[in-house]
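Trainee: Starting off with a structure, shown below.
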Amino acid sequence: MSDAFCSDCKKQTEVVFDHSAGDTVCSECGLVLESHSIDETSEWRTFANESGDNDPVRVGGPTNPLLADGGLTTVISKPNGTSGDFLSSSLGRWQNRGSNPDRGLIVAFKTIATMADRLGLVATIKDRANEIYKRVEDQKSSRGRNQDALLAACLYIACRQEDKPRTVKEICSVANGATKKEIGRAKEYIVKQLGLETGQSVEMGTIHAGDFMRRFCSNLGMSNQTVKAAQESVKKSEEFDIRRSPISIAAAVIYIITQLSDDKKPLRDISIATGVAEGTIRNSYKDLYPHLPKIIPAWYAKEEDLKNLQSP
């Protein structure tokens with residue numbers, strides 16, 4: 001119950017809401033103060049045919065401009081129960097026999113969505129990967145290629161273009177068995193095909209070591225202070241000509257920063273968290289070492305601490 005002003009009682013009275021009729025009624029005189037009200041709260045009733053399905057959703061998915069019908073295809077569900085309904089059963093069989101030109105795209109988009117969800121990627125990256133795959137598929141030249149590697153490569157390129165890069169090893173971990181070599185080949189193929197389509201080279205975006213830093217630090221459970229020091233250090237390292245991959249530099253900086261803190265991380269743990277081999281981290285450390293006084297923030301470590309730093 002709630003209070004409202006009743007024009008008959010000339011005062012604030014308690015009102016009762018009749019959900020079945022949508023009427024708001026004065027509890028003292030019975031006057032209908034408002035009729036046919038629209039209930040704007042959430043509706044939790046299920047409209048599914050099967051009693052075991054508790055999904056309250058009563059609308060379809062969003063439109064998809066990459067599909068011929070906008071993704072608004074009607075799918076006839078299987079008949080309920082063992083006896084079944086002849087009409088729906090027959091319609092279902094005819095629907096399965098009919099050719100859907102977007103069937104391959106729908107399966108591919110679902111696979112990309114699954115990989116993106118496992119990596120925790122945002123919807124914009126997922127949509128970009130779908131768009132890249134659709135452009136490649138429209139050229140009708142991908143027949144016979146490893147489909148899982150092709151989809152994984154689309155996701156890798158989308159991450160690069162959206163300035164949220166992931167390592168090939170991270171993409172490989174969700175690529176349904178596709179190897180790093182296969183994904184690399186697929187990436188080169190996609191870049192070539194998109195270049196032929198537009199007549200110009202494909203913009204992939206530049207990878208910086210700082211792009212991976214926060215994620216790697218989070219995987220290692222580092223404190224806020226060490227994360228801040230690592231981010232500042234890796235940014236400073238870009239001023240020097242260190243001929244190592246951004247991922248290797250990020251892993252080496254994390255090793256150095258953690259060795260200067262109370263919470264030291266073993267080289268093996270850093271290797272697992274970053275996906276960089278221990279030997280590569282050692283070599284990157286050697287390249288960074290001469291520049292440490294200018295790379296490591298003065299507020300985080302003194303020059304004496306840097307001299308006492310132990311090599312991995």
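Chain labels A, B, ... are given in the sequence in which chains occur in the structure tokens; within each chain residues are numbered consecutively from 1, and ligands are likewise numbered from 1 in the order shown.
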If we count only C-alpha atoms, what is near Ala277 of chain A at a cut-off of 10 Å, once residues fewer than 3 positions away on the same chain are taken out, given as a count of residues only?

Mentor: 11

Trainee: Contacts of Asn176 of chain A at 10 Å or less, counting only C-alpha atoms, minus same-chain residues fewer than 4 places along, as a list in words?

Mentor: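 So, after excluding close chain neighbours, the residues are Thr111, Met115, Gln147, Asp148, Ala149, Ala152, Ile171 and Cys172 of chain A.
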
Trainee: Taking the backbone alone, and naming residues the way the document does, which bits of segment 8-45 of chain A are strand (DSSP E or B) by DSSP, as a list of chain:residue names?

Mentor: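 The strand (DSSP E or B) residues within segment 8-45 of chain A come out as A:Lys11, A:Gln12, A:Thr13, A:Glu14, A:Val15, A:Val16, A:Phe17, A:Asp18, A:Asp23, A:Thr24, A:Val25, A:Cys26, A:Val32, A:Leu33, A:Glu34.
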
Trainee: As an exercise, work out the distance from atom CA of Arg243 of chain A to atom CA of Glu182 of chain A in Å and give it to one decimal place.

Mentor: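 These atoms are spaced 25.7 Å apart.
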
Trainee: Closest to Ala153 of chain A among A:Ser141, A:Thr63, A:Thr167, A:Gln225, using only C-alpha atoms?

Mentor: A:Thr167

Trainee: Pick out the residues sitting within 12 Å of Glu131 of chain A, and hand them over as a VMD selection string; count only C-alpha atoms, and ignore anything fewer than 6 positions along from it in its own chain.

Mentor: chain A and resid 64 to 67 105 108 to 109 112 124 to 125 137 to 138 151 154 to 155 157 to 158 194

Trainee: Can you tell me, as a ChimeraX atom specification, what residues are no more than 12 Å from segment 25-29 of chain A when counting only C-alpha atoms, ignoring any on the same chain fewer than 3 positions away?

Mentor: /A:1-19,21-22,32-37

Trainee: Next, dump the selected residues to file, keeping only N, CA and C atoms, as a PDB file, in the first residue's frame.

Mentor:
ATOM      1  N   MET A   1       0.832  -1.204   0.000  1.00  0.00           N
ATOM      2  CA  MET A   1       0.000   0.000   0.000  1.00  0.00           C
ATOM      3  C   MET A   1       0.868   1.257   0.000  1.00  0.00           C
ATOM      4  N   SER A   2       0.293   2.348  -0.547  1.00  0.00           N
ATOM      5  CA  SER A   2       0.963   3.637  -0.530  1.00  0.00           C
ATOM      6  C   SER A   2      -0.091   4.722  -0.372  1.00  0.00           C
ATOM      7  N   ASP A   3       0.346   5.939  -0.121  1.00  0.00           N
ATOM      8  CA  ASP A   3      -0.578   7.055   0.086  1.00  0.00           C
ATOM      9  C   ASP A   3      -0.742   7.869  -1.185  1.00  0.00           C
ATOM     10  N   ALA A   4      -1.966   8.382  -1.389  1.00  0.00           N
ATOM     11  CA  ALA A   4      -2.259   9.271  -2.516  1.00  0.00           C
ATOM     12  C   ALA A   4      -3.435  10.154  -2.134  1.00  0.00           C
ATOM     13  N   PHE A   5      -3.599  11.273  -2.837  1.00  0.00           N
ATOM     14  CA  PHE A   5      -4.701  12.197  -2.523  1.00  0.00           C
ATOM     15  C   PHE A   5      -5.972  11.722  -3.206  1.00  0.00           C
ATOM     16  N   CYS A   6      -7.036  11.562  -2.422  1.00  0.00           N
ATOM     17  CA  CYS A   6      -8.336  11.130  -2.937  1.00  0.00           C
ATOM     18  C   CYS A   6      -9.221  12.362  -3.100  1.00  0.00           C
ATOM     19  N   SER A   7      -9.777  12.555  -4.318  1.00  0.00           N
ATOM     20  CA  SER A   7     -10.619  13.734  -4.587  1.00  0.00           C
ATOM     21  C   SER A   7     -11.959  13.651  -3.877  1.00  0.00           C
ATOM     22  N   ASP A   8     -12.452  12.448  -3.552  1.00  0.00           N
ATOM     23  CA  ASP A   8     -13.719  12.298  -2.824  1.00  0.00           C
ATOM     24  C   ASP A   8     -13.513  12.509  -1.330  1.00  0.00           C
ATOM     25  N   CYS A   9     -12.452  11.900  -0.791  1.00  0.00           N
ATOM     26  CA  CYS A   9     -12.187  12.016   0.653  1.00  0.00           C
ATOM     27  C   CYS A   9     -11.552  13.369   0.993  1.00  0.00           C
ATOM     28  N   LYS A  10     -11.028  14.090  -0.032  1.00  0.00           N
ATOM     29  CA  LYS A  10     -10.378  15.387   0.167  1.00  0.00           C
ATOM     30  C   LYS A  10      -9.184  15.304   1.118  1.00  0.00           C
ATOM     31  N   LYS A  11      -8.462  14.203   1.081  1.00  0.00           N
ATOM     32  CA  LYS A  11      -7.284  14.029   1.940  1.00  0.00           C
ATOM     33  C   LYS A  11      -6.398  12.904   1.405  1.00  0.00           C
ATOM     34  N   GLN A  12      -5.223  12.807   2.028  1.00  0.00           N
ATOM     35  CA  GLN A  12      -4.308  11.707   1.691  1.00  0.00           C
ATOM     36  C   GLN A  12      -4.843  10.415   2.300  1.00  0.00           C
ATOM     37  N   THR A  13      -5.034   9.415   1.478  1.00  0.00           N
ATOM     38  CA  THR A  13      -5.515   8.122   1.977  1.00  0.00           C
ATOM     39  C   THR A  13      -4.626   7.009   1.445  1.00  0.00           C
ATOM     40  N   GLU A  14      -4.761   5.856   2.084  1.00  0.00           N
ATOM     41  CA  GLU A  14      -4.042   4.693   1.588  1.00  0.00           C
ATOM     42  C   GLU A  14      -4.737   4.151   0.348  1.00  0.00           C
ATOM     43  N   VAL A  15      -3.956   3.796  -0.663  1.00  0.00           N
ATOM     44  CA  VAL A  15      -4.521   3.266  -1.898  1.00  0.00           C
ATOM     45  C   VAL A  15      -4.040   1.839  -2.113  1.00  0.00           C
ATOM     46  N   VAL A  16      -4.861   1.084  -2.818  1.00  0.00           N
ATOM     47  CA  VAL A  16      -4.546  -0.309  -3.138  1.00  0.00           C
ATOM     48  C   VAL A  16      -4.418  -0.421  -4.651  1.00  0.00           C
ATOM     49  N   PHE A  17      -3.383  -1.121  -5.113  1.00  0.00           N
ATOM     50  CA  PHE A  17      -3.181  -1.303  -6.557  1.00  0.00           C
ATOM     51  C   PHE A  17      -3.680  -2.682  -6.957  1.00  0.00           C
ATOM     52  N   ASP A  18      -4.647  -2.717  -7.867  1.00  0.00           N
ATOM     53  CA  ASP A  18      -5.205  -3.964  -8.392  1.00  0.00           C
ATOM     54  C   ASP A  18      -4.386  -4.357  -9.624  1.00  0.00           C
ATOM     55  N   HIS A  19      -3.499  -5.326  -9.464  1.00  0.00           N
ATOM     56  CA  HIS A  19      -2.590  -5.706 -10.541  1.00  0.00           C
ATOM     57  C   HIS A  19      -3.313  -6.325 -11.734  1.00  0.00           C
ATOM     58  N   ALA A  21      -6.348  -5.642 -12.928  1.00  0.00           N
ATOM     59  CA  ALA A  21      -7.069  -4.643 -13.725  1.00  0.00           C
ATOM     60  C   ALA A  21      -6.233  -3.402 -14.009  1.00  0.00           C
ATOM     61  N   GLY A  22      -5.157  -3.220 -13.261  1.00  0.00           N
ATOM     62  CA  GLY A  22      -4.336  -2.034 -13.437  1.00  0.00           C
ATOM     63  C   GLY A  22      -4.957  -0.792 -12.822  1.00  0.00           C
ATOM     64  N   VAL A  32     -11.888   4.719  -7.837  1.00  0.00           N
ATOM     65  CA  VAL A  32     -10.773   4.350  -8.693  1.00  0.00           C
ATOM     66  C   VAL A  32     -10.032   5.630  -9.081  1.00  0.00           C
ATOM     67  N   LEU A  33      -8.849   5.814  -8.524  1.00  0.00           N
ATOM     68  CA  LEU A  33      -8.087   7.041  -8.776  1.00  0.00           C
ATOM     69  C   LEU A  33      -7.369   6.997 -10.117  1.00  0.00           C
ATOM     70  N   GLU A  34      -6.968   5.815 -10.547  1.00  0.00           N
ATOM     71  CA  GLU A  34      -6.269   5.663 -11.821  1.00  0.00           C
ATOM     72  C   GLU A  34      -6.572   4.283 -12.375  1.00  0.00           C
ATOM     73  N   SER A  35      -6.854   4.212 -13.678  1.00  0.00           N
ATOM     74  CA  SER A  35      -7.205   2.925 -14.292  1.00  0.00           C
ATOM     75  C   SER A  35      -6.252   2.595 -15.430  1.00  0.00           C
ATOM     76  N   HIS A  36      -6.150   1.290 -15.710  1.00  0.00           N
ATOM     77  CA  HIS A  36      -5.316   0.766 -16.803  1.00  0.00           C
ATOM     78  C   HIS A  36      -3.878   1.276 -16.721  1.00  0.00           C
ATOM     79  N   SER A  37      -3.331   1.209 -15.532  1.00  0.00           N
ATOM     80  CA  SER A  37      -1.938   1.632 -15.345  1.00  0.00           C
ATOM     81  C   SER A  37      -1.003   0.629 -16.012  1.00  0.00           C
TER      82      SER A  37
END

Trainee: Please list as number ranges by chain every residue within 12 Å of Asp241 of chain A, counting only C-alpha atoms and excluding residues in the same chain fewer than 6 positions away.

Mentor: A: 249, 287-288, 290-291

Trainee: Grab the residues selected above and save them as an mmCIF file, in the first residue's frame with N, CA and C atoms.

Mentor:
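Saved as selection.cif:
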data_model
loop_
_atom_site.group_PDB
_atom_site.id
_atom_site.type_symbol
_atom_site.label_atom_id
_atom_site.label_comp_id
_atom_site.auth_asym_id
_atom_site.auth_seq_id
_atom_site.Cartn_x
_atom_site.Cartn_y
_atom_site.Cartn_z
ATOM 1 N N ILE A 249 60.214 -7.054 -23.070
ATOM 2 C CA ILE A 249 60.599 -5.911 -22.237
ATOM 3 C C ILE A 249 59.677 -5.813 -21.020
ATOM 4 N N ASP A 287 69.893 -6.542 -21.553
ATOM 5 C CA ASP A 287 69.804 -5.360 -22.414
ATOM 6 C C ASP A 287 69.316 -4.136 -21.644
ATOM 7 N N LEU A 288 68.467 -4.360 -20.658
ATOM 8 C CA LEU A 288 67.918 -3.250 -19.872
ATOM 9 C C LEU A 288 68.876 -2.770 -18.784
ATOM 10 N N PRO A 290 72.033 -1.778 -18.311
ATOM 11 C CA PRO A 290 72.830 -0.537 -18.367
ATOM 12 C C PRO A 290 71.991 0.734 -18.226
ATOM 13 N N HIS A 291 70.680 0.647 -18.512
ATOM 14 C CA HIS A 291 69.820 1.831 -18.495
ATOM 15 C C HIS A 291 68.959 1.923 -17.226
#

Trainee: Here is a test: counting only C-alpha atoms, which residue of A:Arg185, A:Arg244, A:Arg215, A:Lys264 is nearest to Lys286 of chain A?

Mentor: A:Arg244

Trainee: Find the spatial neighbours of Val136 of chain A, counting only C-alpha atoms, within a cut-off of 12 Å - ignore same-chain residues fewer than 6 positions away - and output them as a ChimeraX atom specification.

Mentor: /A:105,129-130,142-143,145,147,150-151,153-154,186-187,189-198

Trainee: Just write the chosen residues, N, CA and C atoms, as a compact mmCIF listing (two decimals), in the first residue's frame.

Mentor:
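See out_18.txt below for the written result:
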# COMPACT_ATOMS: atom_id res chain seq x y z
N LEU A 105 28.34 -18.22 -41.24
CA LEU A 105 28.70 -16.99 -40.53
C LEU A 105 28.23 -17.04 -39.08
N ALA A 129 36.15 -8.22 -34.84
CA ALA A 129 36.58 -9.53 -35.34
C ALA A 129 35.54 -10.13 -36.28
N ASN A 130 34.26 -9.99 -35.94
CA ASN A 130 33.18 -10.46 -36.82
C ASN A 130 33.23 -9.76 -38.18
N SER A 142 38.82 -18.38 -48.73
CA SER A 142 39.32 -19.03 -47.51
C SER A 142 38.98 -20.52 -47.44
N ARG A 143 38.40 -21.06 -48.50
CA ARG A 143 38.01 -22.48 -48.51
C ARG A 143 39.27 -23.36 -48.35
N ARG A 145 41.09 -23.67 -45.66
CA ARG A 145 42.00 -23.20 -44.62
C ARG A 145 41.49 -23.61 -43.24
N GLN A 147 39.87 -23.30 -40.12
CA GLN A 147 38.85 -22.33 -39.69
C GLN A 147 39.14 -21.77 -38.30
N LEU A 150 41.85 -19.25 -38.53
CA LEU A 150 41.36 -18.05 -39.21
C LEU A 150 40.56 -17.17 -38.24
N LEU A 151 39.69 -17.78 -37.45
CA LEU A 151 38.88 -17.03 -36.48
C LEU A 151 39.76 -16.43 -35.39
N ALA A 153 42.89 -15.61 -35.70
CA ALA A 153 43.65 -14.51 -36.30
C ALA A 153 42.79 -13.26 -36.42
N CYS A 154 41.51 -13.42 -36.76
CA CYS A 154 40.59 -12.27 -36.81
C CYS A 154 40.50 -11.59 -35.46
N ALA A 186 47.56 -17.58 -40.74
CA ALA A 186 46.21 -17.06 -40.99
C ALA A 186 46.19 -15.53 -40.90
N LYS A 187 46.94 -14.99 -39.95
CA LYS A 187 47.00 -13.53 -39.81
C LYS A 187 47.60 -12.88 -41.05
N TYR A 189 47.64 -14.12 -44.03
CA TYR A 189 46.68 -14.30 -45.13
C TYR A 189 45.58 -13.25 -45.06
N ILE A 190 45.04 -13.01 -43.86
CA ILE A 190 43.95 -12.03 -43.69
C ILE A 190 44.43 -10.63 -44.04
N VAL A 191 45.61 -10.27 -43.55
CA VAL A 191 46.17 -8.94 -43.84
C VAL A 191 46.34 -8.76 -45.35
N LYS A 192 46.80 -9.81 -46.01
CA LYS A 192 46.99 -9.75 -47.47
C LYS A 192 45.66 -9.57 -48.19
N GLN A 193 44.65 -10.35 -47.79
CA GLN A 193 43.34 -10.28 -48.43
C GLN A 193 42.67 -8.92 -48.21
N LEU A 194 42.75 -8.40 -47.01
CA LEU A 194 42.15 -7.10 -46.72
C LEU A 194 42.89 -5.99 -47.47
N GLY A 195 44.20 -6.17 -47.64
CA GLY A 195 44.98 -5.20 -48.41
C GLY A 195 44.57 -5.19 -49.87
N LEU A 196 44.31 -6.39 -50.42
CA LEU A 196 43.86 -6.48 -51.82
C LEU A 196 42.47 -5.86 -51.99
N GLU A 197 41.64 -6.00 -50.95
CA GLU A 197 40.28 -5.47 -51.03
C GLU A 197 40.27 -3.94 -51.04
N THR A 198 41.07 -3.34 -50.18
CA THR A 198 41.07 -1.87 -50.04
C THR A 198 42.11 -1.19 -50.93

Trainee: Just list the residues in segment 94-248 of chain A DSSP gives helix (DSSP H, G or I) on the backbone, as an MDAnalysis selection string.

Mentor: chainID A and resid 94:97 103:119 123:138 147:161 168:172 180:198 210:220 224:237 246:248

Trainee: Have a look at A:Arg128, A:Arg118, A:Lys302, A:Lys180 and name the one nearest to Val168 of chain A; count only C-alpha atoms.

Mentor: A:Lys180
